[in-house]
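Enquirer: Handing you a structure now.
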Amino acid sequence: MKTYLHNTPEGAEKEKKKVTAVSAVTAFFTTFMGSALNLSIPDIGKEFRADTFSLSWVVTIYLLACTALAVPFGKVADAVDRKKIFITGIFVFMVSSAAAAASPGLSMLLALRLVQGTGAAMIFSTGTAMVAAVSEADEQGKLLGYVTGANYLGLSAGPAAGGMLTAGPGWRFIFLTAAAVSAAAFFFALRNLPPGRKHQDRKIRFRRKIYPHVSDFILYIFGISGFMWGLSALQKTAAGWISLTAGAGALLFLFFRNPCEIIRNPSFLSGNVSAFCNYGANFAMSYLLSLYLQLVAGCSSRISGLVLICAPAVQALLSPVTGHMSDWISPWKLAASGTAVTAVVLAGFGFLPSDASPGTCAALFAAAGLGCSCFAAPNTRQVLSSAGMNAGGTASAVLSTMRSAGHTAAMAVNSLLSGILTGNCMLEDADPAVLLHFLHSAFFLFSALCIFGCIFGFFMARKEKM
């Protein structure tokens, strides 16, 4: 059921454009923030005199908040009001970004990054769901493609803008830029998004649908946080295994205690498993390629940065096209094709010699961008349409969680594999031949993960047709 402000086709069309625009802007500045800030971590460390482990939490604590809170906020949004959660998320992100720019120390910055991640979780769990809610079935993929394209535009613009801001006025201006863009999105959303449920309706639905499950939400947050932190800390401390096991146990307990119908939907399940495999493999590819370029091929950081922008740039350009294609071609077929392309590219990287040219790497990475653009928007459409309108926020949140889980799992696998093959030495100090062996092994491993995602999606699609 669509929530149009106007009964006329012209009014409905304007509303679609406004909802898509604000969702695209939020997708841009949330990914821009993450990719731009990565380049400023060394400068933050110098200013606050922080060690490497403490600095890693500038990124980790944000990802943990996004991952742990996306599903609870998605549930609340579906039950209460998506617009309310979405606008509140933009406001929280805006205020925390502005405050982070004035952080006097690392502890305050980490606390504000936690708040910023909370705002981002509200945005992730509602933005695409609102786009799906105002779009017709034959245009949903196209509109989601615009949002996905904006997401990758932020991902590709972040490193360049972040590098210039860090080298110029300083890392604090990255937060100020994010605050300014989110402020514009906040006021635009406040004025142009369709009205949500009435206050009294929200209170009644909260009491009926959310309040009885508060204890489950708390257990889920602790479970997913323990699981994700455990994955990231496996190589650093024995507590990582304890945290991983405890978190997995809590999540399994919740699953069997409150089985969710949409998770048992073959299309929904295959879409999320494929998302875990594809996003994890692509995240690992970027990391491994950066190591290859700088530590094996001897490229400068500038050349490496230019190569690493190829895939996000292709994704930003093609995502609206592939999203529109998913309106008349089965989304799972497009997504499976994209995953297959990614698997082939990863295998190709596994055969690179020690002296491959930046041009060769750029061409392969651009092909990976083609694969990811064929996957991302169609996969989002598949997951949201299989869940139905009433569970759009939950579906969007689960997909966001699988994306973050894939990223974290990919880095955990890279850490474990590098520890086994390089003997836990600094990668900069590893023997070049051993380092190349590690990179080749990792590329092949993640290629196999993509193949698994393709096969799983194929069998789930057949099961759904039976």
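Residues in the structure tokens are named by chain (A, B, ... in the order shown) and by number from 1 within that chain; ligands are numbered from 1 in the order shown.
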Write out as a PyMOL selection string which residues come within 10 Å of Leu153 in chain A when counting only C-alpha atoms, dropping same-chain ones fewer than 5 positions away.
Expert: chain A and resi 24+27-29+31-32+147-148+158+312-317
Enquirer: When DSSP is applied to the backbone of this structure, which of range 213-439 of chain A are assigned alpha helix (DSSP H)? Write them out as a compact mmCIF listing (two decimals) with N, CA and C atoms, in the first residue's frame.
Expert:
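The resulting file, states_5.txt, is shown below:
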# COMPACT_ATOMS: atom_id res chain seq x y z
N VAL A 214 11.22 -5.86 24.34
CA VAL A 214 12.40 -5.05 24.69
C VAL A 214 13.56 -5.93 25.16
N SER A 215 13.25 -6.95 25.98
CA SER A 215 14.32 -7.84 26.48
C SER A 215 15.00 -8.58 25.32
N ASP A 216 14.22 -8.96 24.29
CA ASP A 216 14.81 -9.61 23.12
C ASP A 216 15.72 -8.65 22.35
N PHE A 217 15.31 -7.39 22.25
CA PHE A 217 16.15 -6.39 21.58
C PHE A 217 17.48 -6.21 22.30
N ILE A 218 17.42 -6.15 23.64
CA ILE A 218 18.64 -5.97 24.42
C ILE A 218 19.57 -7.16 24.23
N LEU A 219 19.00 -8.39 24.27
CA LEU A 219 19.81 -9.58 24.08
C LEU A 219 20.40 -9.61 22.67
N TYR A 220 19.62 -9.17 21.68
CA TYR A 220 20.12 -9.13 20.31
C TYR A 220 21.31 -8.17 20.18
N ILE A 221 21.18 -7.00 20.79
CA ILE A 221 22.25 -6.00 20.73
C ILE A 221 23.53 -6.55 21.34
N PHE A 222 23.41 -7.17 22.51
CA PHE A 222 24.59 -7.77 23.14
C PHE A 222 25.12 -8.94 22.31
N GLY A 223 24.21 -9.73 21.73
CA GLY A 223 24.64 -10.87 20.93
C GLY A 223 25.38 -10.47 19.68
N ILE A 224 24.82 -9.53 18.91
CA ILE A 224 25.47 -9.12 17.66
C ILE A 224 26.75 -8.35 17.94
N SER A 225 26.77 -7.56 19.03
CA SER A 225 27.99 -6.82 19.38
C SER A 225 29.10 -7.79 19.77
N GLY A 226 28.74 -8.79 20.59
CA GLY A 226 29.74 -9.79 20.98
C GLY A 226 30.25 -10.58 19.80
N PHE A 227 29.34 -10.94 18.90
CA PHE A 227 29.73 -11.71 17.72
C PHE A 227 30.66 -10.91 16.82
N MET A 228 30.28 -9.64 16.53
CA MET A 228 31.08 -8.81 15.64
C MET A 228 32.43 -8.45 16.25
N TRP A 229 32.43 -8.09 17.55
CA TRP A 229 33.71 -7.76 18.18
C TRP A 229 34.59 -8.99 18.24
N GLY A 230 34.00 -10.14 18.54
CA GLY A 230 34.78 -11.37 18.59
C GLY A 230 35.43 -11.68 17.25
N LEU A 231 34.69 -11.48 16.15
CA LEU A 231 35.27 -11.70 14.83
C LEU A 231 36.48 -10.81 14.59
N SER A 232 36.35 -9.53 14.98
CA SER A 232 37.43 -8.58 14.71
C SER A 232 38.62 -8.78 15.63
N ALA A 239 40.02 -13.54 24.29
CA ALA A 239 38.67 -13.09 24.60
C ALA A 239 37.82 -12.98 23.34
N GLY A 240 38.48 -12.85 22.18
CA GLY A 240 37.74 -12.78 20.93
C GLY A 240 36.92 -14.04 20.69
N TRP A 241 37.53 -15.21 20.96
CA TRP A 241 36.81 -16.47 20.78
C TRP A 241 35.65 -16.58 21.76
N ILE A 242 35.87 -16.14 22.99
CA ILE A 242 34.81 -16.19 24.01
C ILE A 242 33.65 -15.29 23.60
N SER A 243 33.99 -14.07 23.18
CA SER A 243 32.97 -13.12 22.76
C SER A 243 32.21 -13.64 21.54
N LEU A 244 32.93 -14.21 20.58
CA LEU A 244 32.32 -14.75 19.37
C LEU A 244 31.33 -15.86 19.70
N THR A 245 31.76 -16.79 20.58
CA THR A 245 30.91 -17.92 20.95
C THR A 245 29.67 -17.47 21.73
N ALA A 246 29.88 -16.55 22.68
CA ALA A 246 28.75 -16.05 23.49
C ALA A 246 27.75 -15.30 22.61
N GLY A 247 28.27 -14.47 21.70
CA GLY A 247 27.39 -13.72 20.81
C GLY A 247 26.60 -14.63 19.90
N ALA A 248 27.27 -15.64 19.32
CA ALA A 248 26.58 -16.59 18.44
C ALA A 248 25.53 -17.36 19.22
N GLY A 249 25.84 -17.74 20.46
CA GLY A 249 24.87 -18.46 21.28
C GLY A 249 23.63 -17.63 21.56
N ALA A 250 23.82 -16.35 21.86
CA ALA A 250 22.69 -15.45 22.13
C ALA A 250 21.81 -15.30 20.90
N LEU A 251 22.44 -15.18 19.72
CA LEU A 251 21.67 -15.01 18.49
C LEU A 251 20.90 -16.28 18.13
N LEU A 252 21.52 -17.44 18.33
CA LEU A 252 20.83 -18.69 18.06
C LEU A 252 19.65 -18.88 19.02
N PHE A 253 19.85 -18.51 20.28
CA PHE A 253 18.76 -18.60 21.26
C PHE A 253 17.57 -17.75 20.82
N LEU A 254 17.86 -16.53 20.37
CA LEU A 254 16.79 -15.64 19.92
C LEU A 254 16.09 -16.19 18.68
N PHE A 255 16.88 -16.78 17.77
CA PHE A 255 16.30 -17.30 16.53
C PHE A 255 15.31 -18.43 16.81
N PHE A 256 15.69 -19.36 17.67
CA PHE A 256 14.81 -20.49 17.95
C PHE A 256 13.66 -20.11 18.90
N ARG A 257 13.87 -19.07 19.68
CA ARG A 257 12.81 -18.61 20.58
C ARG A 257 11.75 -17.81 19.83
N PRO A 266 12.55 -18.26 1.04
CA PRO A 266 13.76 -18.60 0.27
C PRO A 266 14.42 -17.40 -0.40
N SER A 267 13.60 -16.51 -0.99
CA SER A 267 14.14 -15.35 -1.69
C SER A 267 14.83 -14.39 -0.71
N PHE A 268 14.19 -14.17 0.44
CA PHE A 268 14.78 -13.29 1.45
C PHE A 268 16.08 -13.89 1.99
N LEU A 269 16.06 -15.18 2.27
CA LEU A 269 17.25 -15.84 2.82
C LEU A 269 18.40 -15.84 1.82
N SER A 270 18.11 -16.19 0.56
CA SER A 270 19.18 -16.24 -0.44
C SER A 270 19.75 -14.86 -0.70
N GLY A 271 18.87 -13.82 -0.69
CA GLY A 271 19.35 -12.46 -0.90
C GLY A 271 20.31 -12.02 0.18
N ASN A 272 20.03 -12.35 1.43
CA ASN A 272 20.89 -11.95 2.53
C ASN A 272 22.18 -12.76 2.60
N VAL A 273 22.09 -14.06 2.33
CA VAL A 273 23.31 -14.87 2.30
C VAL A 273 24.21 -14.40 1.16
N SER A 274 23.62 -14.13 0.01
CA SER A 274 24.41 -13.62 -1.12
C SER A 274 25.04 -12.27 -0.79
N ALA A 275 24.29 -11.42 -0.05
CA ALA A 275 24.84 -10.12 0.35
C ALA A 275 26.04 -10.30 1.26
N PHE A 276 25.95 -11.22 2.20
CA PHE A 276 27.08 -11.50 3.10
C PHE A 276 28.31 -11.92 2.28
N CYS A 277 28.11 -12.83 1.33
CA CYS A 277 29.23 -13.33 0.53
C CYS A 277 29.79 -12.24 -0.37
N ASN A 278 28.91 -11.52 -1.08
CA ASN A 278 29.37 -10.56 -2.07
C ASN A 278 30.03 -9.35 -1.42
N TYR A 279 29.37 -8.75 -0.43
CA TYR A 279 29.95 -7.56 0.20
C TYR A 279 31.23 -7.90 0.96
N GLY A 280 31.26 -9.08 1.58
CA GLY A 280 32.49 -9.50 2.26
C GLY A 280 33.64 -9.67 1.29
N ALA A 281 33.36 -10.32 0.15
CA ALA A 281 34.40 -10.56 -0.85
C ALA A 281 34.89 -9.25 -1.47
N ASN A 282 33.98 -8.33 -1.76
CA ASN A 282 34.38 -7.05 -2.35
C ASN A 282 35.18 -6.20 -1.36
N PHE A 283 34.78 -6.22 -0.10
CA PHE A 283 35.52 -5.47 0.92
C PHE A 283 36.93 -6.03 1.05
N ALA A 284 37.04 -7.36 1.06
CA ALA A 284 38.35 -8.00 1.14
C ALA A 284 39.19 -7.69 -0.09
N MET A 285 38.55 -7.66 -1.26
CA MET A 285 39.28 -7.38 -2.49
C MET A 285 39.96 -6.02 -2.45
N SER A 286 39.24 -5.01 -1.97
CA SER A 286 39.83 -3.66 -1.89
C SER A 286 41.03 -3.65 -0.96
N TYR A 287 40.88 -4.31 0.18
CA TYR A 287 41.97 -4.35 1.16
C TYR A 287 43.18 -5.10 0.60
N LEU A 288 42.94 -6.27 0.01
CA LEU A 288 44.04 -7.09 -0.51
C LEU A 288 44.73 -6.41 -1.69
N LEU A 289 43.93 -5.75 -2.54
CA LEU A 289 44.52 -5.06 -3.69
C LEU A 289 45.40 -3.90 -3.25
N SER A 290 44.99 -3.19 -2.19
CA SER A 290 45.82 -2.09 -1.69
C SER A 290 47.15 -2.62 -1.17
N LEU A 291 47.13 -3.78 -0.53
CA LEU A 291 48.38 -4.41 -0.07
C LEU A 291 49.25 -4.81 -1.25
N SER A 301 51.27 5.61 -2.92
CA SER A 301 49.92 5.70 -2.36
C SER A 301 48.99 6.46 -3.31
N ARG A 302 49.53 7.42 -4.05
CA ARG A 302 48.71 8.18 -5.00
C ARG A 302 48.23 7.29 -6.13
N ILE A 303 49.13 6.51 -6.72
CA ILE A 303 48.76 5.59 -7.80
C ILE A 303 47.79 4.54 -7.28
N SER A 304 48.05 4.02 -6.09
CA SER A 304 47.17 3.01 -5.51
C SER A 304 45.77 3.57 -5.30
N GLY A 305 45.70 4.81 -4.84
CA GLY A 305 44.40 5.44 -4.62
C GLY A 305 43.62 5.59 -5.91
N LEU A 306 44.32 5.94 -7.00
CA LEU A 306 43.65 6.07 -8.30
C LEU A 306 43.10 4.73 -8.78
N VAL A 307 43.88 3.66 -8.56
CA VAL A 307 43.41 2.33 -8.95
C VAL A 307 42.18 1.93 -8.13
N LEU A 308 42.24 2.21 -6.81
CA LEU A 308 41.16 1.77 -5.92
C LEU A 308 39.87 2.57 -6.07
N CYS A 310 38.52 2.98 -9.04
CA CYS A 310 37.91 2.50 -10.29
C CYS A 310 36.60 1.77 -10.04
N ALA A 311 36.59 0.83 -9.11
CA ALA A 311 35.37 0.04 -8.87
C ALA A 311 34.22 0.89 -8.33
N PRO A 312 34.43 1.70 -7.27
CA PRO A 312 33.32 2.53 -6.80
C PRO A 312 32.79 3.50 -7.86
N ALA A 313 33.69 4.01 -8.71
CA ALA A 313 33.25 4.92 -9.76
C ALA A 313 32.34 4.20 -10.76
N VAL A 314 32.72 3.00 -11.16
CA VAL A 314 31.89 2.20 -12.07
C VAL A 314 30.55 1.87 -11.41
N GLN A 315 30.59 1.53 -10.13
CA GLN A 315 29.36 1.20 -9.40
C GLN A 315 28.42 2.41 -9.33
N ALA A 316 28.99 3.59 -9.09
CA ALA A 316 28.16 4.79 -9.01
C ALA A 316 27.48 5.08 -10.35
N LEU A 317 28.19 4.84 -11.45
CA LEU A 317 27.64 5.11 -12.78
C LEU A 317 26.59 4.09 -13.21
N LEU A 318 26.84 2.81 -12.90
CA LEU A 318 26.00 1.75 -13.46
C LEU A 318 24.87 1.28 -12.54
N SER A 319 24.94 1.58 -11.26
CA SER A 319 23.90 1.08 -10.33
C SER A 319 22.48 1.52 -10.73
N PRO A 320 22.27 2.80 -11.15
CA PRO A 320 20.92 3.15 -11.60
C PRO A 320 20.46 2.33 -12.81
N VAL A 321 21.41 1.99 -13.69
CA VAL A 321 21.06 1.20 -14.88
C VAL A 321 20.68 -0.23 -14.49
N THR A 322 21.52 -0.87 -13.69
CA THR A 322 21.24 -2.25 -13.29
C THR A 322 20.01 -2.32 -12.38
N GLY A 323 19.80 -1.27 -11.58
CA GLY A 323 18.60 -1.24 -10.76
C GLY A 323 17.36 -1.23 -11.63
N HIS A 324 17.37 -0.41 -12.69
CA HIS A 324 16.24 -0.35 -13.62
C HIS A 324 16.07 -1.68 -14.34
N MET A 325 17.17 -2.35 -14.67
CA MET A 325 17.09 -3.65 -15.34
C MET A 325 16.38 -4.68 -14.47
N PRO A 331 15.52 -10.18 -10.41
CA PRO A 331 16.62 -9.59 -9.63
C PRO A 331 17.67 -10.61 -9.20
N TRP A 332 17.23 -11.83 -8.85
CA TRP A 332 18.22 -12.80 -8.39
C TRP A 332 19.15 -13.23 -9.52
N LYS A 333 18.64 -13.22 -10.78
CA LYS A 333 19.50 -13.57 -11.90
C LYS A 333 20.58 -12.50 -12.12
N LEU A 334 20.19 -11.23 -12.04
CA LEU A 334 21.16 -10.15 -12.15
C LEU A 334 22.18 -10.21 -11.02
N ALA A 335 21.67 -10.41 -9.79
CA ALA A 335 22.57 -10.45 -8.63
C ALA A 335 23.54 -11.63 -8.75
N ALA A 336 23.03 -12.79 -9.19
CA ALA A 336 23.89 -13.96 -9.34
C ALA A 336 24.94 -13.72 -10.43
N SER A 337 24.54 -13.04 -11.51
CA SER A 337 25.50 -12.72 -12.58
C SER A 337 26.61 -11.80 -12.05
N GLY A 338 26.21 -10.80 -11.26
CA GLY A 338 27.20 -9.89 -10.67
C GLY A 338 28.15 -10.62 -9.75
N THR A 339 27.63 -11.54 -8.94
CA THR A 339 28.49 -12.31 -8.04
C THR A 339 29.44 -13.20 -8.83
N ALA A 340 28.95 -13.76 -9.95
CA ALA A 340 29.82 -14.60 -10.79
C ALA A 340 30.96 -13.77 -11.39
N VAL A 341 30.65 -12.55 -11.83
CA VAL A 341 31.71 -11.66 -12.36
C VAL A 341 32.74 -11.36 -11.27
N THR A 342 32.26 -11.10 -10.06
CA THR A 342 33.18 -10.83 -8.95
C THR A 342 34.06 -12.03 -8.68
N ALA A 343 33.49 -13.24 -8.74
CA ALA A 343 34.27 -14.46 -8.52
C ALA A 343 35.38 -14.61 -9.55
N VAL A 344 35.05 -14.30 -10.82
CA VAL A 344 36.05 -14.40 -11.89
C VAL A 344 37.17 -13.37 -11.69
N VAL A 345 36.80 -12.14 -11.31
CA VAL A 345 37.79 -11.09 -11.08
C VAL A 345 38.72 -11.47 -9.93
N LEU A 346 38.15 -11.98 -8.85
CA LEU A 346 38.97 -12.40 -7.71
C LEU A 346 39.93 -13.51 -8.11
N ALA A 347 39.46 -14.45 -8.90
CA ALA A 347 40.35 -15.51 -9.39
C ALA A 347 41.45 -14.92 -10.27
N GLY A 348 41.08 -13.91 -11.07
CA GLY A 348 42.09 -13.24 -11.90
C GLY A 348 43.17 -12.58 -11.06
N PHE A 349 42.78 -11.93 -9.98
CA PHE A 349 43.77 -11.34 -9.07
C PHE A 349 44.65 -12.43 -8.46
N PRO A 358 49.84 -1.09 -12.87
CA PRO A 358 48.63 -0.46 -12.30
C PRO A 358 47.46 -0.49 -13.27
N GLY A 359 47.75 -0.39 -14.58
CA GLY A 359 46.68 -0.43 -15.57
C GLY A 359 45.94 -1.76 -15.57
N THR A 360 46.69 -2.86 -15.45
CA THR A 360 46.07 -4.19 -15.38
C THR A 360 45.18 -4.31 -14.15
N CYS A 361 45.71 -3.85 -13.01
CA CYS A 361 44.94 -3.91 -11.76
C CYS A 361 43.68 -3.03 -11.86
N ALA A 362 43.83 -1.86 -12.48
CA ALA A 362 42.69 -0.94 -12.62
C ALA A 362 41.60 -1.56 -13.49
N ALA A 363 41.99 -2.24 -14.58
CA ALA A 363 41.02 -2.87 -15.46
C ALA A 363 40.27 -3.99 -14.75
N LEU A 364 41.00 -4.80 -14.00
CA LEU A 364 40.36 -5.87 -13.24
C LEU A 364 39.42 -5.31 -12.18
N PHE A 365 39.87 -4.27 -11.50
CA PHE A 365 39.07 -3.70 -10.43
C PHE A 365 37.82 -3.01 -10.98
N ALA A 366 37.93 -2.41 -12.15
CA ALA A 366 36.76 -1.82 -12.81
C ALA A 366 35.75 -2.91 -13.16
N ALA A 367 36.25 -4.07 -13.61
CA ALA A 367 35.37 -5.21 -13.88
C ALA A 367 34.67 -5.66 -12.60
N ALA A 368 35.38 -5.59 -11.47
CA ALA A 368 34.76 -5.92 -10.18
C ALA A 368 33.63 -4.92 -9.87
N GLY A 369 33.84 -3.66 -10.25
CA GLY A 369 32.80 -2.65 -10.07
C GLY A 369 31.57 -2.99 -10.90
N LEU A 370 31.77 -3.51 -12.11
CA LEU A 370 30.65 -3.94 -12.95
C LEU A 370 29.88 -5.06 -12.25
N GLY A 371 30.63 -6.03 -11.70
CA GLY A 371 29.98 -7.13 -11.00
C GLY A 371 29.18 -6.66 -9.81
N CYS A 372 29.76 -5.75 -9.04
CA CYS A 372 29.07 -5.26 -7.84
C CYS A 372 27.86 -4.42 -8.19
N SER A 373 27.94 -3.66 -9.28
CA SER A 373 26.78 -2.85 -9.69
C SER A 373 25.64 -3.75 -10.17
N CYS A 374 25.96 -4.89 -10.78
CA CYS A 374 24.93 -5.84 -11.18
C CYS A 374 24.31 -6.52 -9.96
N PHE A 375 25.05 -6.52 -8.85
CA PHE A 375 24.56 -7.21 -7.66
C PHE A 375 23.76 -6.30 -6.72
N ALA A 376 24.29 -5.13 -6.40
CA ALA A 376 23.81 -4.36 -5.25
C ALA A 376 22.34 -3.95 -5.33
N ALA A 377 21.95 -3.18 -6.34
CA ALA A 377 20.56 -2.71 -6.42
C ALA A 377 19.57 -3.85 -6.65
N PRO A 378 19.85 -4.79 -7.58
CA PRO A 378 18.93 -5.93 -7.73
C PRO A 378 18.80 -6.76 -6.45
N ASN A 379 19.89 -6.95 -5.74
CA ASN A 379 19.83 -7.71 -4.48
C ASN A 379 18.96 -7.00 -3.46
N THR A 380 19.11 -5.67 -3.36
CA THR A 380 18.27 -4.90 -2.44
C THR A 380 16.80 -5.02 -2.82
N ARG A 381 16.52 -4.94 -4.10
CA ARG A 381 15.14 -5.08 -4.57
C ARG A 381 14.59 -6.45 -4.23
N GLN A 382 15.38 -7.49 -4.43
CA GLN A 382 14.95 -8.86 -4.14
C GLN A 382 14.60 -9.02 -2.66
N VAL A 383 15.46 -8.52 -1.79
CA VAL A 383 15.25 -8.67 -0.35
C VAL A 383 14.02 -7.90 0.11
N LEU A 384 13.88 -6.65 -0.33
CA LEU A 384 12.75 -5.82 0.11
C LEU A 384 11.42 -6.33 -0.44
N SER A 385 11.40 -6.74 -1.70
CA SER A 385 10.14 -7.21 -2.27
C SER A 385 9.72 -8.55 -1.68
N SER A 386 10.68 -9.39 -1.31
CA SER A 386 10.34 -10.69 -0.72
C SER A 386 9.81 -10.55 0.69
N ALA A 387 10.18 -9.46 1.39
CA ALA A 387 9.73 -9.26 2.77
C ALA A 387 8.34 -8.66 2.84
N GLY A 392 9.34 -3.86 5.59
CA GLY A 392 10.41 -3.23 4.81
C GLY A 392 11.56 -2.72 5.66
N GLY A 393 11.25 -2.12 6.81
CA GLY A 393 12.31 -1.62 7.69
C GLY A 393 13.15 -2.75 8.25
N THR A 394 12.50 -3.82 8.67
CA THR A 394 13.22 -4.98 9.18
C THR A 394 14.10 -5.59 8.11
N ALA A 395 13.56 -5.73 6.90
CA ALA A 395 14.32 -6.31 5.80
C ALA A 395 15.53 -5.46 5.45
N SER A 396 15.34 -4.14 5.38
CA SER A 396 16.45 -3.23 5.10
C SER A 396 17.52 -3.31 6.19
N ALA A 397 17.08 -3.44 7.44
CA ALA A 397 18.02 -3.53 8.55
C ALA A 397 18.81 -4.83 8.54
N VAL A 398 18.12 -5.94 8.24
CA VAL A 398 18.81 -7.23 8.16
C VAL A 398 19.85 -7.21 7.05
N LEU A 399 19.48 -6.64 5.90
CA LEU A 399 20.43 -6.54 4.78
C LEU A 399 21.64 -5.69 5.16
N SER A 400 21.41 -4.58 5.85
CA SER A 400 22.51 -3.74 6.32
C SER A 400 23.41 -4.50 7.29
N THR A 401 22.80 -5.29 8.16
CA THR A 401 23.57 -6.08 9.13
C THR A 401 24.42 -7.12 8.42
N MET A 402 23.85 -7.77 7.40
CA MET A 402 24.61 -8.78 6.66
C MET A 402 25.78 -8.15 5.92
N ARG A 403 25.58 -6.94 5.44
CA ARG A 403 26.67 -6.22 4.76
C ARG A 403 27.82 -5.95 5.74
N SER A 404 27.48 -5.43 6.92
CA SER A 404 28.51 -5.15 7.92
C SER A 404 29.17 -6.42 8.42
N ALA A 405 28.36 -7.47 8.60
CA ALA A 405 28.91 -8.75 9.05
C ALA A 405 29.88 -9.32 8.01
N GLY A 406 29.54 -9.15 6.73
CA GLY A 406 30.44 -9.59 5.67
C GLY A 406 31.77 -8.86 5.70
N HIS A 407 31.71 -7.55 5.91
CA HIS A 407 32.95 -6.76 6.01
C HIS A 407 33.82 -7.23 7.17
N THR A 408 33.20 -7.41 8.33
CA THR A 408 33.95 -7.81 9.52
C THR A 408 34.51 -9.22 9.37
N ALA A 409 33.70 -10.12 8.84
CA ALA A 409 34.16 -11.49 8.64
C ALA A 409 35.32 -11.55 7.65
N ALA A 410 35.24 -10.72 6.61
CA ALA A 410 36.32 -10.69 5.62
C ALA A 410 37.64 -10.28 6.25
N MET A 411 37.61 -9.25 7.09
CA MET A 411 38.84 -8.81 7.74
C MET A 411 39.34 -9.84 8.74
N ALA A 412 38.42 -10.55 9.41
CA ALA A 412 38.83 -11.60 10.34
C ALA A 412 39.52 -12.74 9.59
N VAL A 413 38.98 -13.12 8.44
CA VAL A 413 39.58 -14.18 7.63
C VAL A 413 40.95 -13.74 7.11
N ASN A 414 41.06 -12.49 6.66
CA ASN A 414 42.36 -11.99 6.21
C ASN A 414 43.39 -12.02 7.33
N SER A 415 42.98 -11.64 8.54
CA SER A 415 43.91 -11.64 9.68
C SER A 415 44.37 -13.06 10.01
N LEU A 416 43.42 -14.00 10.02
CA LEU A 416 43.77 -15.39 10.33
C LEU A 416 44.69 -15.97 9.26
N LEU A 417 44.36 -15.73 8.00
CA LEU A 417 45.15 -16.28 6.91
C LEU A 417 46.55 -15.67 6.88
N SER A 418 46.65 -14.37 7.10
CA SER A 418 47.97 -13.73 7.10
C SER A 418 48.80 -14.22 8.27
N GLY A 419 48.15 -14.46 9.43
CA GLY A 419 48.88 -14.99 10.58
C GLY A 419 49.43 -16.37 10.31
N ILE A 420 48.65 -17.20 9.62
CA ILE A 420 49.08 -18.56 9.32
C ILE A 420 50.22 -18.57 8.30
N LEU A 421 50.09 -17.76 7.25
CA LEU A 421 51.04 -17.81 6.13
C LEU A 421 52.26 -16.91 6.29
N THR A 422 52.14 -15.84 7.07
CA THR A 422 53.28 -14.93 7.23
C THR A 422 53.89 -14.98 8.63
N PRO A 432 58.62 -10.93 0.29
CA PRO A 432 57.70 -10.63 -0.82
C PRO A 432 57.03 -11.87 -1.42
N ALA A 433 57.76 -12.96 -1.52
CA ALA A 433 57.19 -14.19 -2.07
C ALA A 433 56.11 -14.76 -1.15
N VAL A 434 56.37 -14.71 0.16
CA VAL A 434 55.39 -15.20 1.14
C VAL A 434 54.16 -14.30 1.13
N LEU A 435 54.38 -13.00 1.05
CA LEU A 435 53.27 -12.05 1.02
C LEU A 435 52.41 -12.27 -0.23
N LEU A 436 53.06 -12.50 -1.38
CA LEU A 436 52.32 -12.74 -2.61
C LEU A 436 51.51 -14.04 -2.50
N HIS A 437 52.09 -15.05 -1.85
CA HIS A 437 51.38 -16.32 -1.64
C HIS A 437 50.13 -16.11 -0.78
N PHE A 438 50.27 -15.30 0.26
CA PHE A 438 49.12 -14.98 1.11
C PHE A 438 48.03 -14.27 0.30
N LEU A 439 48.42 -13.29 -0.51
CA LEU A 439 47.44 -12.53 -1.29
C LEU A 439 46.73 -13.43 -2.30
Enquirer: Give me, please, the distance in Å between CA of Ser441 in chain A and CA of Phe351 in chain A, quoted to one decimal.
Expert: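 Between CA of Ser441 in chain A and CA of Phe351 in chain A the gap is 9.9 Å.
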Enquirer: I'd like the interatomic distance between CA of Leu114 in chain A and CA of Val58 in chain A, to a tenth of an Å.
Expert: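 Answer for the CA of Leu114 in chain A to CA of Val58 in chain A separation: 8.9 Å.
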Enquirer: With distances taken over only C-alpha atoms, which residue among A:Val19, A:Ala448, A:Leu110, A:Ile41 lies nearest Thr166 in chain A?
Expert: A:Ile41
Enquirer: Using only C-alpha atoms, which residues sit within 10 Å of Ser357 in chain A once same-chain residues fewer than 5 positions away are excluded, as a ChimeraX atom specification?
Expert: /A:293,297,299,352,362
Enquirer: Skipping near chain neighbours, those fewer than 6 positions away, what residues fall within 12 Å of Pro42 in chain A using only C-alpha atoms, listed as JSON, numbers by chain?
Expert: {"A": [48, 49, 50, 51, 52, 54, 55, 56, 58, 163, 166, 167, 170, 171]}
Enquirer: Those same residues - C-alpha atoms - I'd like them written as a tab-separated table (two decimals), in the first residue's frame.
Expert:
chain	number	residue	atom	x	y	z
A	48	PHE	CA	45.68	12.66	20.49
A	49	ARG	CA	48.90	10.64	20.96
A	50	ALA	CA	46.92	7.40	20.65
A	51	ASP	CA	48.24	3.88	20.00
A	52	THR	CA	47.17	1.74	17.04
A	54	SER	CA	42.89	2.67	20.42
A	55	LEU	CA	42.76	4.29	16.99
A	56	SER	CA	41.18	1.18	15.47
A	58	VAL	CA	37.46	5.11	15.78
A	163	GLY	CA	42.73	13.37	1.68
A	166	THR	CA	43.08	16.19	6.06
A	167	ALA	CA	46.05	17.69	4.24
A	170	GLY	CA	42.47	19.16	8.99
A	171	TRP	CA	40.51	16.01	9.85
Enquirer: Distance table requested - range 141-185 of chain A against range 90-102 of chain A, cut-off 7 Å, only C-alpha atoms: one row per qualifying residue with the closest atom pair and its distance in Å to one decimal, ordered by chain and rising residue number, as a Markdown table.
Expert:
| residue | atom | partner | partner_atom | distance |
| --- | --- | --- | --- | --- |
| A:Arg172 | CA | A:Ala101 | CA | 4.6 |
| A:Phe173 | CA | A:Ala101 | CA | 6.8 |
| A:Phe175 | CA | A:Ser97 | CA | 5.1 |
| A:Leu176 | CA | A:Ala98 | CA | 5.6 |
| A:Ala178 | CA | A:Ser97 | CA | 6.5 |
| A:Ala179 | CA | A:Met94 | CA | 4.6 |
| A:Ser182 | CA | A:Met94 | CA | 5.4 |
| A:Ala183 | CA | A:Met94 | CA | 6.0 |
